[in-house]
Amino acid sequence: MNNWVKSFETINRIKSVTCSLPDDVFLSLKKECNKVKNKKIKNKKLKLIGHINEEYSINNIPKNINDFILGKVLREDAIIKRTRELTVISSDKPFYIDKLWVNFQKKYEFNPPHNHSGIYSFVIFVKIPYDLEKEEKYFTKSFTVQPMTSKFAFQYININGDISTDTLNVDKSFEGKIILFPSKQVHTVFPFYTSNDYRVTVSGNIKLKVD
């Protein structure tokens, strides 16, 4: 069994999966991000909901990234099960990555609660510049709940009708990992405070090709 299969984890309540990218796929992605950042290619600056100044489209999706997401990640059991439950079309149609973009997030910037278009969306963690323990200790007051600085969080309505949160404690160990989730799933990226470097993530939306 390949290593990427062993690394799959499922968040059952929101039917999302996370796994590590193969080294060659991650390297290709980092090269694309560096091209954008160094302005060696022209990329459109996006107008997204994120309170992040530097958000750019990735014009050319590397083939190995496309193949890994469509051919591997979407074949995980939880995703296959959810896809079969969809009743929006009457016959099988192929998936495709509709958009791919990179966020260069600075200290204090954030993504407010939002969702995406498409069937599935994903986030790939390229660079995490902060130490999570330091982030959690940034505010010195005592918290009655988990501190949220720098966290990635999903919001959903629980069985009691309350708004609940599933939090990912994103730290340096997340570099090279992808999380894939239903596009309409509301999620939030909280600001970080302890680093002057960029937090780099790549996001994309997956749709069905029906024409």
# chains A, B, ... in the order shown; residues from 1 in each chain; ligands from 1
>>> residues_around(residues="Asn103 of chain A", least_positions_apart="5", cutoff="7 Å", atoms="only C-alpha atoms", output="PyMOL selection string")
chain A and resi 54-56+200-202
>>> write_last_selection(atoms="C-alpha atoms", output="CSV table (one decimal), in the first residue's frame")
chain,number,residue,atom,x,y,z
A,54,GLU,CA,-1.8,38.8,-1.9
A,55,GLU,CA,-4.1,36.2,-3.5
A,56,TYR,CA,-3.2,35.1,-7.0
A,200,VAL,CA,1.4,30.0,2.0
A,201,THR,CA,-1.6,27.9,1.0
A,202,VAL,CA,-3.0,26.8,-2.3
>>> residues_around(residues="Lys151 of chain A", least_positions_apart="3", cutoff="8 Å", atoms="only C-alpha atoms", output="number ranges by chain")
A: 148, 167-170, 189-191
>>> closest_atom_pairs(of="segment 97-138 of chain A", to="segment 72-75 of chain A", cutoff="12 Å", atoms="only C-alpha atoms", output="tab-separated table")
residue	atom	partner	partner_atom	distance
A:Ile97	CA	A:Leu74	CA	11.5
A:Ile119	CA	A:Leu74	CA	11.2
A:Tyr120	CA	A:Leu74	CA	9.2
A:Ser121	CA	A:Leu74	CA	10.9
A:Phe122	CA	A:Val73	CA	10.1
>>> closest_residue(among="A:Ser195, A:Gln146, A:Lys209, A:Lys127", to="Lys172 of chain A", atoms="only C-alpha atoms")
A:Lys127
>>> select_by_dssp(residues="segment 85-136 of chain A", states="alpha helix (DSSP H)", output="PDB file with N, CA and C atoms, in the first residue's frame")
ATOM      1  N   GLU A  85     -23.973   9.760  -3.398  1.00  0.00           N
ATOM      2  CA  GLU A  85     -25.217  10.255  -2.804  1.00  0.00           C
ATOM      3  C   GLU A  85     -25.732  11.512  -3.500  1.00  0.00           C
ATOM      4  N   LEU A 132       2.990  26.729  16.602  1.00  0.00           N
ATOM      5  CA  LEU A 132       1.613  26.696  17.099  1.00  0.00           C
ATOM      6  C   LEU A 132       1.547  26.953  18.601  1.00  0.00           C
ATOM      7  N   GLU A 133       2.493  26.425  19.353  1.00  0.00           N
ATOM      8  CA  GLU A 133       2.489  26.624  20.807  1.00  0.00           C
ATOM      9  C   GLU A 133       2.627  28.103  21.157  1.00  0.00           C
ATOM     10  N   LYS A 134       3.464  28.816  20.417  1.00  0.00           N
ATOM     11  CA  LYS A 134       3.620  30.246  20.651  1.00  0.00           C
ATOM     12  C   LYS A 134       2.354  31.001  20.276  1.00  0.00           C
ATOM     13  N   GLU A 135       1.712  30.570  19.207  1.00  0.00           N
ATOM     14  CA  GLU A 135       0.457  31.204  18.803  1.00  0.00           C
ATOM     15  C   GLU A 135      -0.599  31.069  19.897  1.00  0.00           C
ATOM     16  N   GLU A 136      -0.685  29.877  20.463  1.00  0.00           N
ATOM     17  CA  GLU A 136      -1.707  29.631  21.481  1.00  0.00           C
ATOM     18  C   GLU A 136      -1.436  30.408  22.767  1.00  0.00           C
TER      19      GLU A 136
END
>>> closest_residue(among="A:Tyr156, A:Tyr130, A:Phe26, A:Phe95", to="Lys107 of chain A", atoms="only C-alpha atoms")
A:Tyr130
>>> closest_residue(among="A:Glu109, A:Asp211, A:Asp98, A:Asp162", to="Ile61 of chain A", atoms="only C-alpha atoms")
A:Asp98
>>> residues_around(residues="Lys93 of chain A", least_positions_apart="6", cutoff="12 Å", atoms="only C-alpha atoms", output="list of chain:residue names")
A:Thr83, A:Arg84, A:Leu86, A:Lys207, A:Leu208, A:Lys209, A:Val210, A:Asp211
>>> write_last_selection(atoms="C-alpha atoms", output="PDB file, in the first residue's frame")
ATOM      1  CA  THR A  83     -20.331  11.505  -4.515  1.00  0.00           C
ATOM      2  CA  ARG A  84     -22.670   8.564  -5.055  1.00  0.00           C
ATOM      3  CA  LEU A  86     -25.322  13.323  -5.045  1.00  0.00           C
ATOM      4  CA  LYS A 207     -16.575  20.737 -10.481  1.00  0.00           C
ATOM      5  CA  LEU A 208     -18.299  18.270 -12.805  1.00  0.00           C
ATOM      6  CA  LYS A 209     -17.725  18.601 -16.546  1.00  0.00           C
ATOM      7  CA  VAL A 210     -21.214  18.347 -17.995  1.00  0.00           C
ATOM      8  CA  ASP A 211     -20.771  19.796 -21.502  1.00  0.00           C
TER       9      ASP A 211
END
>>> select_by_dssp(residues="segment 126-205 of chain A", states="strand (DSSP E or B)", output="PyMOL selection string")
chain A and resi 126-127+152-157+163-168+177-182+186-189+199-205
>>> closest_residue(among="A:Asp67, A:Asp131, A:Asp171, A:Glu32", to="Thr194 of chain A", atoms="only C-alpha atoms")
A:Asp131
>>> closest_residue(among="A:Gln155, A:Asn59, A:Glu175, A:Ser150", to="Tyr108 of chain A", atoms="only C-alpha atoms")
A:Ser150
>>> residues_around(residues="Ser203 of chain A", least_positions_apart="3", cutoff="9 Å", atoms="only C-alpha atoms", output="ChimeraX atom specification")
/A:99-103,121-125
>>> write_last_selection(atoms="C-alpha atoms", output="compact mmCIF listing (two decimals), in the first residue's frame")
# COMPACT_ATOMS: atom_id res chain seq x y z
CA LYS A 99 -9.70 27.10 -10.33
CA LEU A 100 -6.42 27.02 -8.48
CA TRP A 101 -5.01 29.95 -6.51
CA VAL A 102 -2.33 30.73 -3.94
CA ASN A 103 -2.67 32.81 -0.78
CA SER A 121 -12.81 22.24 -2.56
CA PHE A 122 -9.34 21.74 -1.16
CA VAL A 123 -6.56 23.53 0.67
CA ILE A 124 -2.90 22.55 0.42
CA PHE A 125 -0.60 23.81 3.16
>>> residues_around(residues="Ile157 of chain A", least_positions_apart="4", cutoff="12 Å", atoms="only C-alpha atoms", output="list in words")
Arg13, Ile14, Gly161, Asp162, Ile163, Ser164, Thr165, Asp166, Gln185 and Val186 of chain A
>>> closest_residue(among="A:Ser173, A:Asn115, A:Asn34, A:Asn66", to="Ser20 of chain A", atoms="only C-alpha atoms")
A:Ser173
